[in-house]
file target_2.cif (mmCIF, C-alpha atoms)
data_my_file
#
loop_
_atom_site.label_atom_id
_atom_site.label_comp_id
_atom_site.auth_asym_id
_atom_site.auth_seq_id
_atom_site.Cartn_x
_atom_site.Cartn_y
_atom_site.Cartn_z
CA MET A 20 90.26 -35.26 36.14
CA HIS A 21 87.88 -34.84 33.26
CA GLU A 22 84.74 -32.84 33.91
CA MET A 23 81.28 -33.48 32.52
CA PRO A 24 79.71 -30.81 30.33
CA LEU A 25 76.88 -29.99 32.72
CA ILE A 26 74.52 -27.13 32.02
CA TYR A 27 71.49 -25.89 33.93
CA VAL A 28 68.38 -25.31 31.88
CA GLY A 29 65.80 -23.62 34.07
CA GLY A 30 67.32 -25.16 37.18
CA ILE A 31 67.40 -28.70 35.70
CA PRO A 32 70.91 -30.13 35.33
CA ILE A 33 71.62 -31.66 31.94
CA ASP A 34 74.80 -33.61 31.23
CA LEU A 35 75.30 -33.01 27.53
CA SER A 36 77.88 -35.78 27.19
CA ALA A 37 75.52 -38.35 28.70
CA VAL A 38 72.68 -37.22 26.46
CA LEU A 39 74.94 -37.33 23.41
CA MET A 40 76.30 -40.79 24.21
CA LEU A 41 72.88 -42.20 25.06
CA VAL A 42 71.53 -40.96 21.75
CA VAL A 43 74.55 -42.37 19.89
CA SER A 44 74.19 -45.77 21.58
CA CYS A 45 70.47 -45.94 20.92
CA VAL A 46 70.90 -44.90 17.30
CA ILE A 47 73.64 -47.48 16.69
CA VAL A 48 71.63 -50.29 18.28
CA PHE A 49 68.49 -49.29 16.46
CA VAL A 50 70.23 -48.97 13.07
CA LEU A 51 71.94 -52.33 13.61
CA ALA A 52 68.64 -53.98 14.42
CA MET A 53 66.87 -52.35 11.49
CA LEU A 54 69.64 -53.41 9.10
CA ALA A 55 69.34 -56.94 10.43
CA VAL A 56 65.60 -57.06 9.81
CA ARG A 57 65.68 -55.09 6.55
CA ASN A 58 65.36 -58.04 4.19
CA LEU A 59 63.97 -60.73 6.41
CA SER A 60 63.97 -64.12 4.80
CA VAL A 61 62.84 -67.47 6.09
CA GLU A 62 64.95 -69.61 3.79
CA ASN A 63 67.88 -67.41 2.85
CA PRO A 64 68.79 -65.09 5.74
CA SER A 65 71.43 -62.42 5.25
CA LYS A 66 74.61 -62.44 7.32
CA LEU A 67 73.36 -59.71 9.62
CA GLN A 68 70.04 -61.47 10.05
CA ASN A 69 71.91 -64.64 10.92
CA PHE A 70 73.93 -62.74 13.48
CA MET A 71 70.79 -61.21 14.99
CA GLU A 72 69.11 -64.61 15.14
CA TRP A 73 72.18 -65.96 16.87
CA VAL A 74 71.87 -63.16 19.43
CA VAL A 75 68.18 -63.99 19.89
CA GLU A 76 69.01 -67.63 20.45
CA PHE A 77 71.78 -66.66 22.85
CA VAL A 78 69.34 -64.54 24.86
CA GLN A 79 66.84 -67.39 24.79
CA GLY A 80 69.56 -69.61 26.22
CA VAL A 81 70.28 -67.03 28.93
CA ILE A 82 66.60 -66.80 29.84
CA SER A 83 66.05 -70.54 29.81
CA SER A 84 68.96 -70.94 32.21
CA ALA A 85 67.15 -68.65 34.66
CA MET A 86 63.54 -69.73 34.18
CA ASP A 87 61.20 -71.83 32.14
CA LEU A 88 61.39 -70.50 28.59
CA LYS A 89 57.61 -70.60 28.28
CA LYS A 90 57.28 -68.10 31.14
CA GLY A 91 60.34 -66.20 29.95
CA ARG A 92 59.14 -65.60 26.40
CA PRO A 93 57.93 -62.02 27.07
CA TYR A 94 61.37 -61.10 28.40
CA ILE A 95 63.28 -62.02 25.25
CA SER A 96 62.85 -58.52 23.85
CA LEU A 97 63.97 -57.01 27.14
CA GLY A 98 67.04 -59.23 27.30
CA LEU A 99 67.92 -58.46 23.69
CA THR A 100 67.61 -54.72 24.20
CA LEU A 101 69.67 -54.91 27.39
CA ILE A 102 72.48 -56.98 25.93
CA LEU A 103 72.72 -54.99 22.70
CA PHE A 104 72.47 -51.58 24.37
CA ILE A 105 74.99 -52.37 27.10
CA PHE A 106 77.42 -54.07 24.72
CA VAL A 107 77.36 -51.18 22.24
CA SER A 108 77.62 -48.67 25.10
CA ASN A 109 80.60 -50.48 26.56
CA LEU A 110 82.42 -50.43 23.25
CA LEU A 111 81.76 -46.79 22.40
CA GLY A 112 84.47 -45.42 24.70
CA LEU A 113 87.14 -47.82 23.46
CA PRO A 114 88.27 -46.46 20.08
CA PHE A 115 88.66 -42.83 21.17
CA SER A 116 87.41 -40.18 23.54
CA PHE A 117 86.76 -36.56 22.79
CA ILE A 118 87.95 -33.92 25.22
CA THR A 119 87.89 -30.18 24.95
CA GLU A 120 90.03 -27.91 27.04
CA ALA A 121 88.46 -24.72 28.29
CA HIS A 122 90.33 -21.73 29.67
CA GLU A 123 87.34 -19.48 30.21
CA PRO A 124 83.63 -19.95 30.75
CA VAL A 125 82.20 -21.83 27.77
CA THR A 126 78.66 -21.23 26.73
CA ILE A 127 76.63 -23.79 24.85
CA PHE A 128 73.00 -23.39 23.71
CA GLY A 129 73.03 -20.15 25.67
CA HIS A 130 73.97 -21.86 28.94
CA VAL A 131 77.30 -21.85 30.70
CA ILE A 132 78.95 -25.23 31.30
CA GLU A 133 79.21 -25.60 35.09
CA ALA A 134 82.79 -26.81 35.18
CA THR A 135 84.02 -23.71 33.39
CA LYS A 136 81.97 -21.20 35.35
CA HIS A 137 84.42 -20.34 38.06
CA LEU A 138 87.69 -20.74 36.16
CA ALA A 139 90.31 -18.40 37.47
CA HIS A 140 92.73 -16.84 35.01
CA GLY A 141 95.34 -19.42 33.96
CA ASP A 142 93.23 -22.37 35.12
CA HIS A 143 91.73 -24.78 32.62
CA ALA A 144 89.11 -27.51 32.63
CA GLU A 145 89.12 -30.63 30.51
CA ILE A 146 85.64 -31.51 29.41
CA LEU A 147 84.92 -35.08 28.34
CA TRP A 148 82.39 -35.33 25.57
CA TRP A 149 82.78 -38.78 24.08
CA LYS A 150 82.96 -41.77 26.41
CA SER A 151 81.16 -44.99 27.11
CA PRO A 152 77.77 -44.06 28.45
CA THR A 153 78.09 -46.99 30.83
CA ALA A 154 81.24 -45.42 32.29
CA ASP A 155 78.84 -43.02 34.04
CA ILE A 156 77.29 -44.29 37.27
CA ASN A 157 74.15 -42.31 36.63
CA ILE A 158 73.39 -44.19 33.46
CA THR A 159 74.08 -47.63 34.87
CA ALA A 160 71.96 -46.60 37.85
CA GLY A 161 69.15 -45.75 35.45
CA LEU A 162 69.38 -49.19 33.86
CA ALA A 163 69.54 -50.88 37.25
CA LEU A 164 66.55 -48.84 38.40
CA ILE A 165 64.55 -50.11 35.44
CA VAL A 166 65.47 -53.67 36.41
CA PHE A 167 64.61 -52.94 40.06
CA ILE A 168 61.20 -51.50 39.22
CA LEU A 169 60.51 -54.25 36.71
CA MET A 170 61.41 -57.15 38.99
CA ASN A 171 59.35 -55.82 41.89
CA PHE A 172 56.42 -54.89 39.68
CA LEU A 173 56.42 -58.30 37.97
CA GLY A 174 56.80 -59.98 41.35
CA ILE A 175 53.73 -58.24 42.75
CA LYS A 176 51.75 -58.73 39.55
CA ASN A 177 52.52 -62.42 38.97
CA ASN A 178 53.12 -63.68 42.46
CA GLY A 179 50.68 -61.65 44.56
CA LYS A 180 50.88 -62.37 48.26
CA HIS A 181 53.79 -64.75 47.82
CA TYR A 182 55.89 -61.76 46.82
CA PHE A 183 55.27 -60.10 50.21
CA LYS A 184 55.44 -63.37 52.09
CA HIS A 185 58.87 -63.86 50.59
CA PHE A 186 60.16 -60.91 52.68
CA ILE A 187 59.45 -62.57 56.02
CA GLU A 188 60.97 -65.89 55.17
CA PRO A 189 62.21 -68.07 56.68
CA PHE A 190 61.37 -65.99 59.80
CA PRO A 191 59.81 -62.51 60.24
CA ILE A 192 63.05 -61.34 61.80
CA PHE A 193 64.66 -61.62 58.37
CA LEU A 194 62.52 -58.74 57.07
CA PRO A 195 65.26 -56.06 57.16
CA LEU A 196 67.74 -58.47 55.68
CA ASN A 197 65.41 -59.31 52.81
CA ILE A 198 64.72 -55.63 52.17
CA ILE A 199 68.44 -54.92 52.05
CA GLU A 200 68.91 -57.87 49.71
CA ASN A 201 66.23 -56.49 47.43
CA LEU A 202 67.79 -53.02 47.41
CA ALA A 203 71.31 -54.32 47.05
CA LYS A 204 70.50 -56.02 43.78
CA PRO A 205 70.14 -52.86 41.62
CA VAL A 206 73.00 -51.17 43.46
CA ALA A 207 75.27 -54.12 42.70
CA LEU A 208 74.13 -54.16 39.09
CA ALA A 209 74.81 -50.46 38.61
CA ILE A 210 78.16 -50.37 40.37
CA ARG A 211 79.47 -53.57 38.76
CA LEU A 212 78.79 -52.35 35.24
CA PHE A 213 79.97 -48.79 35.91
CA ALA A 214 83.15 -49.84 37.68
CA ASN A 215 84.22 -52.31 35.03
CA ILE A 216 83.76 -49.92 32.14
CA PHE A 217 85.00 -46.85 33.96
CA ALA A 218 88.11 -48.67 35.12
CA GLY A 219 88.72 -49.80 31.57
CA GLU A 220 88.58 -46.25 30.29
CA VAL A 221 90.73 -44.91 33.09
CA LEU A 222 93.33 -47.53 32.32
CA ILE A 223 93.25 -46.57 28.64
CA THR A 224 93.90 -42.96 29.64
CA VAL A 225 96.76 -44.06 31.88
CA ILE A 226 98.29 -46.27 29.21
CA LEU A 227 98.09 -43.42 26.72
CA LYS A 228 100.44 -41.40 28.96
CA LEU A 229 103.21 -43.83 27.96
CA SER A 230 103.11 -42.29 24.46
CA VAL A 231 104.77 -44.56 21.85
CA VAL A 232 105.44 -47.40 24.29
CA SER A 233 101.71 -47.60 24.97
CA ILE A 234 100.79 -49.09 21.59
CA PRO A 235 101.20 -52.82 22.41
CA PHE A 236 99.69 -52.39 25.88
CA LEU A 237 96.84 -50.42 24.44
CA ALA A 238 96.18 -53.09 21.85
CA ILE A 239 96.09 -55.78 24.51
CA TRP A 240 93.96 -53.74 26.89
CA GLN A 241 91.49 -52.70 24.21
CA GLY A 242 91.07 -56.30 23.14
CA PHE A 243 90.49 -57.26 26.74
CA SER A 244 88.06 -54.36 27.12
CA ILE A 245 85.97 -55.70 24.26
CA PHE A 246 85.83 -58.99 26.12
CA VAL A 247 84.96 -57.23 29.37
CA GLY A 248 82.27 -55.20 27.59
CA ALA A 249 80.66 -58.35 26.20
CA LEU A 250 80.99 -60.12 29.54
CA GLN A 251 79.42 -57.25 31.48
CA ALA A 252 76.53 -57.03 29.02
CA TYR A 253 76.00 -60.78 29.46
CA ILE A 254 76.22 -60.55 33.27
CA PHE A 255 73.78 -57.64 33.42
CA THR A 256 71.31 -59.52 31.21
CA ILE A 257 71.52 -62.85 33.00
CA LEU A 258 71.28 -61.22 36.43
CA THR A 259 68.21 -59.29 35.31
CA MET A 260 66.62 -62.56 34.20
CA VAL A 261 67.62 -64.34 37.38
CA TYR A 262 66.14 -61.55 39.50
CA ILE A 263 62.92 -61.52 37.50
CA ALA A 264 62.71 -65.30 37.79
CA GLN A 265 63.35 -65.10 41.51
CA TYR A 266 60.52 -62.69 42.13
CA THR A 267 57.96 -63.86 39.61
CA ILE A 268 58.14 -67.61 39.85
CA HIS A 269 56.52 -69.07 42.91
CA GLU A 270 58.16 -72.39 43.60
CA GLU A 271 55.62 -74.83 44.96
CA GLU A 272 58.08 -77.24 46.48
CA ALA A 273 59.58 -74.45 48.64
CA HIS A 274 56.35 -74.12 50.66
CA MET B 14 81.85 -39.39 39.91
CA THR B 15 78.95 -37.07 40.42
CA ILE B 16 75.36 -38.04 40.83
CA VAL B 17 73.22 -36.17 38.36
CA TRP B 18 69.65 -37.23 38.81
CA THR B 19 68.62 -36.16 35.31
CA ASN B 20 71.17 -38.57 33.86
CA ILE B 21 69.35 -41.40 35.61
CA VAL B 22 66.08 -40.22 34.16
CA PHE B 23 67.59 -39.77 30.72
CA SER B 24 69.11 -43.21 30.68
CA MET B 25 65.83 -44.77 31.79
CA ALA B 26 63.94 -42.84 29.15
CA ALA B 27 66.49 -43.70 26.46
CA PHE B 28 66.39 -47.37 27.35
CA ILE B 29 62.59 -47.52 27.45
CA ILE B 30 62.29 -45.70 24.12
CA LEU B 31 64.90 -48.00 22.57
CA TYR B 32 63.09 -51.03 23.94
CA LEU B 33 59.74 -49.90 22.56
CA LEU B 34 61.18 -49.02 19.15
CA LEU B 35 63.12 -52.24 18.82
CA ASN B 36 60.18 -54.28 20.00
CA LYS B 37 57.87 -52.64 17.52
CA PHE B 38 60.06 -52.37 14.43
CA ALA B 39 62.71 -55.06 14.70
CA PHE B 40 62.19 -57.87 17.17
CA SER B 41 58.57 -58.72 16.45
CA LYS B 42 59.44 -59.22 12.77
CA LEU B 43 62.57 -61.19 13.61
CA PHE B 44 60.69 -63.47 16.01
CA GLY B 45 58.00 -63.97 13.38
CA VAL B 46 60.56 -65.04 10.82
CA MET B 47 62.27 -67.38 13.26
CA GLU B 48 58.94 -68.92 14.18
CA LYS B 49 58.13 -69.31 10.49
CA ARG B 50 61.45 -71.02 9.87
CA ARG B 51 60.79 -73.38 12.77
CA GLU B 52 57.43 -74.26 11.26
CA LEU B 53 59.01 -74.70 7.84
CA VAL B 54 61.61 -77.09 9.19
CA MET B 55 58.94 -79.07 11.05
CA GLN B 56 56.81 -79.22 7.94
CA GLN B 57 59.71 -80.37 5.81
CA MET B 58 60.62 -83.04 8.30
CA ASP B 59 57.02 -84.21 8.35
CA GLU B 60 57.02 -84.31 4.58
CA ALA B 61 60.27 -86.25 4.49
CA ALA B 62 58.85 -88.82 6.91
CA LYS B 63 55.72 -89.10 4.83
CA THR B 64 57.69 -89.49 1.63
CA ARG B 65 59.78 -92.21 3.20
CA GLU B 66 56.67 -94.07 4.29
CA GLN B 67 55.29 -93.78 0.80
CA ALA B 68 58.52 -95.05 -0.68
CA VAL B 69 58.51 -98.07 1.62
CA ALA B 70 54.90 -98.81 0.73
CA TYR B 71 55.71 -98.43 -2.95
CA VAL B 72 58.64 -100.82 -2.75
CA GLU B 73 56.41 -103.33 -0.96
CA GLU B 74 53.83 -102.94 -3.69
CA GLN B 75 56.46 -103.44 -6.37
CA LYS B 76 57.73 -106.54 -4.65
CA GLN B 77 54.25 -107.98 -4.58
CA ALA B 78 53.70 -107.12 -8.22
CA LEU B 79 56.98 -108.80 -9.13
CA GLN B 80 56.03 -111.88 -7.15
CA GLN B 81 52.69 -111.99 -8.89
CA ALA B 82 54.27 -111.61 -12.30
CA ARG B 83 56.68 -114.42 -11.54
CA GLN B 84 53.84 -116.67 -10.48
CA GLU B 85 51.92 -115.85 -13.60
CA ALA B 86 54.92 -116.62 -15.77
CA GLN B 87 55.33 -119.96 -14.02
CA GLN B 88 51.67 -120.70 -14.60
CA ILE B 89 51.88 -119.80 -18.26
CA ILE B 90 54.91 -122.02 -18.73
CA GLN B 91 53.17 -124.95 -17.06
CA GLN B 92 50.05 -124.40 -19.08
CA SER B 93 51.97 -124.23 -22.31
CA GLN B 94 53.81 -127.43 -21.42
CA VAL B 95 50.51 -129.18 -20.80
CA THR B 96 48.96 -127.90 -24.01
CA SER B 97 52.00 -128.72 -26.09
CA SER B 98 52.15 -132.29 -24.77
CA ASN B 99 48.43 -132.59 -25.39
CA GLN B 100 48.85 -131.35 -28.89
CA ALA B 101 51.72 -133.71 -29.54
CA ASP B 102 49.61 -136.62 -28.33
CA ARG B 103 46.75 -135.55 -30.53
CA LEU B 104 49.01 -135.20 -33.54
CA MET B 105 50.49 -138.63 -32.91
CA GLU B 106 47.05 -140.16 -32.66
CA GLN B 107 45.98 -138.41 -35.82
CA ALA B 108 49.05 -139.64 -37.60
CA LYS B 109 48.50 -143.15 -36.35
CA ALA B 110 44.90 -143.08 -37.44
CA GLU B 111 45.91 -141.78 -40.84
CA ALA B 112 48.54 -144.46 -41.22
CA ASP B 113 46.05 -147.13 -40.17
CA ARG B 114 43.57 -145.83 -42.66
CA LEU B 115 46.14 -145.82 -45.42
CA LYS B 116 47.29 -149.29 -44.52
CA ASN B 117 43.76 -150.62 -44.44
CA GLU B 118 43.01 -149.05 -47.78
CA ALA B 119 46.15 -150.52 -49.27
CA VAL B 120 45.33 -153.94 -47.87
CA ARG B 121 41.81 -153.69 -49.35
CA ASP B 122 43.19 -152.58 -52.69
CA ILE B 123 45.67 -155.42 -52.74
CA ALA B 124 42.92 -157.88 -51.95
CA ASN B 125 40.74 -156.42 -54.64
CA GLU B 126 43.51 -156.56 -57.20
CA LYS B 127 44.33 -160.13 -56.23
CA ASN B 128 40.72 -161.14 -56.50
CA LYS B 129 40.46 -159.48 -59.87
CA ALA B 130 43.64 -161.11 -61.09
CA VAL B 131 42.48 -164.49 -59.82
CA GLU B 132 39.17 -163.90 -61.53
CA ALA B 133 40.89 -162.89 -64.76
CA LEU B 134 43.27 -165.85 -64.60
CA ARG B 135 40.40 -168.16 -63.89
CA SER B 136 38.45 -166.98 -66.91
CA GLU B 137 41.60 -167.04 -69.04
CA LEU B 138 42.38 -170.58 -67.85
CA GLY B 139 38.85 -171.63 -68.65
CA THR B 140 38.97 -170.32 -72.17
CA ALA B 141 42.47 -171.71 -72.63
CA SER B 142 41.41 -175.15 -71.39
CA VAL B 143 38.36 -174.98 -73.62
CA ARG B 144 40.58 -174.14 -76.57
CA ILE B 145 43.03 -176.89 -75.63
CA ALA B 146 40.18 -179.27 -75.36
CA SER B 147 38.81 -178.19 -78.68
CA LYS B 148 42.27 -178.51 -80.34
CA LEU B 149 42.75 -181.92 -78.74
CA LEU B 150 39.41 -183.01 -79.98
CA GLU B 151 40.21 -181.82 -83.51
CA LYS B 152 43.59 -183.70 -83.58
CA GLU B 153 42.17 -186.89 -82.05
CA VAL B 154 39.95 -187.05 -84.94
CA LYS B 155 42.91 -187.10 -87.37
CA THR B 156 45.91 -189.23 -86.08
CA ASP B 157 46.84 -190.88 -82.76
CA GLY B 158 50.54 -190.09 -82.94
CA GLU B 159 49.91 -186.63 -83.80
CA GLN B 160 47.38 -186.22 -80.94
CA GLU B 161 49.95 -186.75 -78.25
CA GLN B 162 52.31 -184.39 -79.97
CA LEU B 163 49.68 -181.70 -80.03
CA VAL B 164 48.68 -182.10 -76.41
CA ASP B 165 52.27 -181.71 -75.40
CA GLN B 166 52.69 -178.73 -77.61
CA TYR B 167 49.65 -176.93 -76.15
CA LEU B 168 50.49 -177.80 -72.63
CA LYS B 169 53.87 -176.24 -73.26
CA GLU B 170 52.16 -173.21 -74.65
CA VAL B 171 49.98 -172.93 -71.55
CA GLY B 172 53.03 -173.36 -69.30
CA GLY B 173 54.88 -170.70 -71.24
CA ARG B 174 51.95 -168.36 -71.00
CA SER B 175 51.14 -168.63 -67.37
#

call {"tool": "encode", "arguments": {"input": "target_2.cif", "output": "structure tokens"}}
result
Amino acid sequence: MHEMPLIYVGGIPIDLSAVLMLVVSCVIVFVLAMLAVRNLSVENPSKLQNFMEWVVEFVQGVISSAMDLKKGRPYISLGLTLILFIFVSNLLGLPFSFITEAHEPVTIFGHVIEATKHLAHGDHAEILWWKSPTADINITAGLALIVFILMNFLGIKNNGKHYFKHFIEPFPIFLPLNIIENLAKPVALAIRLFANIFAGEVLITVILKLSVVSIPFLAIWQGFSIFVGALQAYIFTILTMVYIAQYTIHEEEAH
Amino acid sequence: MTIVWTNIVFSMAAFIILYLLLNKFAFSKLFGVMEKRRELVMQQMDEAAKTREQAVAYVEEQKQALQQARQEAQQIIQQSQVTSSNQADRLMEQAKAEADRLKNEAVRDIANEKNKAVEALRSELGTASVRIASKLLEKEVKTDGEQEQLVDQYLKEVGGRS
């Protein structure tokens, strides 16, 4: 099993691989977006601008399927950032991964990597540096936590007492069930995204063990992984919008 | 799979920073341009509709103008027909009057000439008869036989002259 390059800086654990991959994802998304809006033109858009506008319209379609687009307008940016970030993150682990093998304690920035600390003589640890950031449950949990905080905050802000009333509906006895439902949403989001991408990468590793025979399988699986990456980004975005719609929009005819 | 709480924090921070940066530097501009394009398309469609209306109105106007021109042409033709027939009538009348005048003049001239000729003949006849009478009177004085002969001779002369 591959280990994460974890170091302790003043008692705070830092996963260098996660930090690296997050930065890489953010930089790629940001550069892509900046290239797309570099020479904005109303009448003669560039190819990249056209692509970006297509993505915007796609996200608008996603939002309008969950709620009224007039109310959903402020969430277009959120949906765009989510779909681009998750899609790019999902793809990052596909072309290659970067693993170092350590036989003795490895020090980086003056701190020892945890996994190599207690290596006995002859043992070795494989440290995974380059992977999909979304193949790490911590990172998908972070994203899901943002969605969780956002949907509850927006629900309280826009819906007021209806948000709280919603928890004891249809009967007060449903209160624990509703709380579990609320909590289950981010957990499901995080685990679904993590499991899909992680499984994809594990399978790539497994296929690679077949050496030369692996090439056609790898080609097929990588193609499918691109599809899965896009699909998971879409699912994460649309579920976010559905959850936000569920908590923010007070349906009159339901009461 | 290990839970590292800092990773959760890092990913949240990374996502929020990315969201803020994209929102500020990329998406707001992109949305602006898309909105502008939407307005442009609406404006152009409006303009096209307006232009079409104008074109229809213009065609209508042209049709009316054509109709008017046709009517005018018809009028002019009718008018010219009337005037030409009028003119022809007038010319005919003029010609008739002229011919009448000429005829009248000629008739008067003829009458004049005839009168003059009659007058001249009358005076000639008078003088001739006077001369005959005087000749007859001269001969009668001489011989009877010869008198008859002379009268005959002069009468012949008169007949030959007239």

call {"tool": "resolve_selection", "arguments": {"input": "target_2.cif", "expression": "the PyMOL selection byres ((chain A) within 10 of (chain B))", "output": "ChimeraX atom specification"}}
result
/A:22-23,25,31-38,40-42,44-46,48-57,59-62,64,68,71-72,75-76,95-101,104-105,152-165

call {"tool": "write_last_selection", "arguments": {"input": "target_2.cif", "atoms": "C-alpha atoms", "output": "CSV table (one decimal), in the coordinates of the input"}}
result
chain,number,residue,atom,x,y,z
A,22,GLU,CA,84.7,-32.8,33.9
A,23,MET,CA,81.3,-33.5,32.5
A,25,LEU,CA,76.9,-30.0,32.7
A,31,ILE,CA,67.4,-28.7,35.7
A,32,PRO,CA,70.9,-30.1,35.3
A,33,ILE,CA,71.6,-31.7,31.9
A,34,ASP,CA,74.8,-33.6,31.2
A,35,LEU,CA,75.3,-33.0,27.5
A,36,SER,CA,77.9,-35.8,27.2
A,37,ALA,CA,75.5,-38.4,28.7
A,38,VAL,CA,72.7,-37.2,26.5
A,40,MET,CA,76.3,-40.8,24.2
A,41,LEU,CA,72.9,-42.2,25.1
A,42,VAL,CA,71.5,-41.0,21.8
A,44,SER,CA,74.2,-45.8,21.6
A,45,CYS,CA,70.5,-45.9,20.9
A,46,VAL,CA,70.9,-44.9,17.3
A,48,VAL,CA,71.6,-50.3,18.3
A,49,PHE,CA,68.5,-49.3,16.5
A,50,VAL,CA,70.2,-49.0,13.1
A,51,LEU,CA,71.9,-52.3,13.6
A,52,ALA,CA,68.6,-54.0,14.4
A,53,MET,CA,66.9,-52.4,11.5
A,54,LEU,CA,69.6,-53.4,9.1
A,55,ALA,CA,69.3,-56.9,10.4
A,56,VAL,CA,65.6,-57.1,9.8
A,57,ARG,CA,65.7,-55.1,6.6
A,59,LEU,CA,64.0,-60.7,6.4
A,60,SER,CA,64.0,-64.1,4.8
A,61,VAL,CA,62.8,-67.5,6.1
A,62,GLU,CA,65.0,-69.6,3.8
A,64,PRO,CA,68.8,-65.1,5.7
A,68,GLN,CA,70.0,-61.5,10.0
A,71,MET,CA,70.8,-61.2,15.0
A,72,GLU,CA,69.1,-64.6,15.1
A,75,VAL,CA,68.2,-64.0,19.9
A,76,GLU,CA,69.0,-67.6,20.4
A,95,ILE,CA,63.3,-62.0,25.2
A,96,SER,CA,62.8,-58.5,23.8
A,97,LEU,CA,64.0,-57.0,27.1
A,98,GLY,CA,67.0,-59.2,27.3
A,99,LEU,CA,67.9,-58.5,23.7
A,100,THR,CA,67.6,-54.7,24.2
A,101,LEU,CA,69.7,-54.9,27.4
A,104,PHE,CA,72.5,-51.6,24.4
A,105,ILE,CA,75.0,-52.4,27.1
A,152,PRO,CA,77.8,-44.1,28.4
A,153,THR,CA,78.1,-47.0,30.8
A,154,ALA,CA,81.2,-45.4,32.3
A,155,ASP,CA,78.8,-43.0,34.0
A,156,ILE,CA,77.3,-44.3,37.3
A,157,ASN,CA,74.2,-42.3,36.6
A,158,ILE,CA,73.4,-44.2,33.5
A,159,THR,CA,74.1,-47.6,34.9
A,160,ALA,CA,72.0,-46.6,37.8
A,161,GLY,CA,69.2,-45.8,35.4
A,162,LEU,CA,69.4,-49.2,33.9
A,163,ALA,CA,69.5,-50.9,37.2
A,164,LEU,CA,66.6,-48.8,38.4
A,165,ILE,CA,64.6,-50.1,35.4

call {"tool": "residues_around", "arguments": {"input": "target_2.cif", "residues": "range 136-146 of chain B", "least_positions_apart": "2", "cutoff": "8 Å", "atoms": "only C-alpha atoms", "output": "mmCIF file with C-alpha atoms, in the coordinates of the input"}}
result
data_model
loop_
_atom_site.group_PDB
_atom_site.id
_atom_site.type_symbol
_atom_site.label_atom_id
_atom_site.label_comp_id
_atom_site.auth_asym_id
_atom_site.auth_seq_id
_atom_site.Cartn_x
_atom_site.Cartn_y
_atom_site.Cartn_z
ATOM 1 C CA GLU B 132 39.170 -163.900 -61.530
ATOM 2 C CA ALA B 133 40.890 -162.890 -64.760
ATOM 3 C CA LEU B 134 43.270 -165.850 -64.600
ATOM 4 C CA LYS B 148 42.270 -178.510 -80.340
ATOM 5 C CA LEU B 149 42.750 -181.920 -78.740
ATOM 6 C CA LEU B 150 39.410 -183.010 -79.980
ATOM 7 C CA VAL B 164 48.680 -182.100 -76.410
ATOM 8 C CA TYR B 167 49.650 -176.930 -76.150
ATOM 9 C CA VAL B 171 49.980 -172.930 -71.550
#

call {"tool": "atom_distance", "arguments": {"input": "target_2.cif", "atom1": "CA of Ile268 in chain A", "atom2": "CA of Leu169 in chain A"}}
result
13.9 Å

call {"tool": "atom_distance", "arguments": {"input": "target_2.cif", "atom1": "CA of Pro24 in chain A", "atom2": "CA of Ile146 in chain A"}}
result
6.0 Å

call {"tool": "residues_near_point", "arguments": {"input": "target_2.cif", "point": "(55.5, -64.1, 45.0)", "cutoff": "9 Å", "atoms": "only C-alpha atoms", "output": "list in words"}}
result
Gly174, Ile175, Lys176, Asn177, Asn178, Gly179, Lys180, His181, Tyr182, Phe183, Lys184, His185, Gln265, Tyr266, Thr267, Ile268, His269 and Glu270 of chain A

call {"tool": "resolve_selection", "arguments": {"input": "target_2.cif", "expression": "the PyMOL selection byres ((chain A and resi 143) around 6)", "output": "number ranges by chain"}}
result
A: 121-122, 142, 144
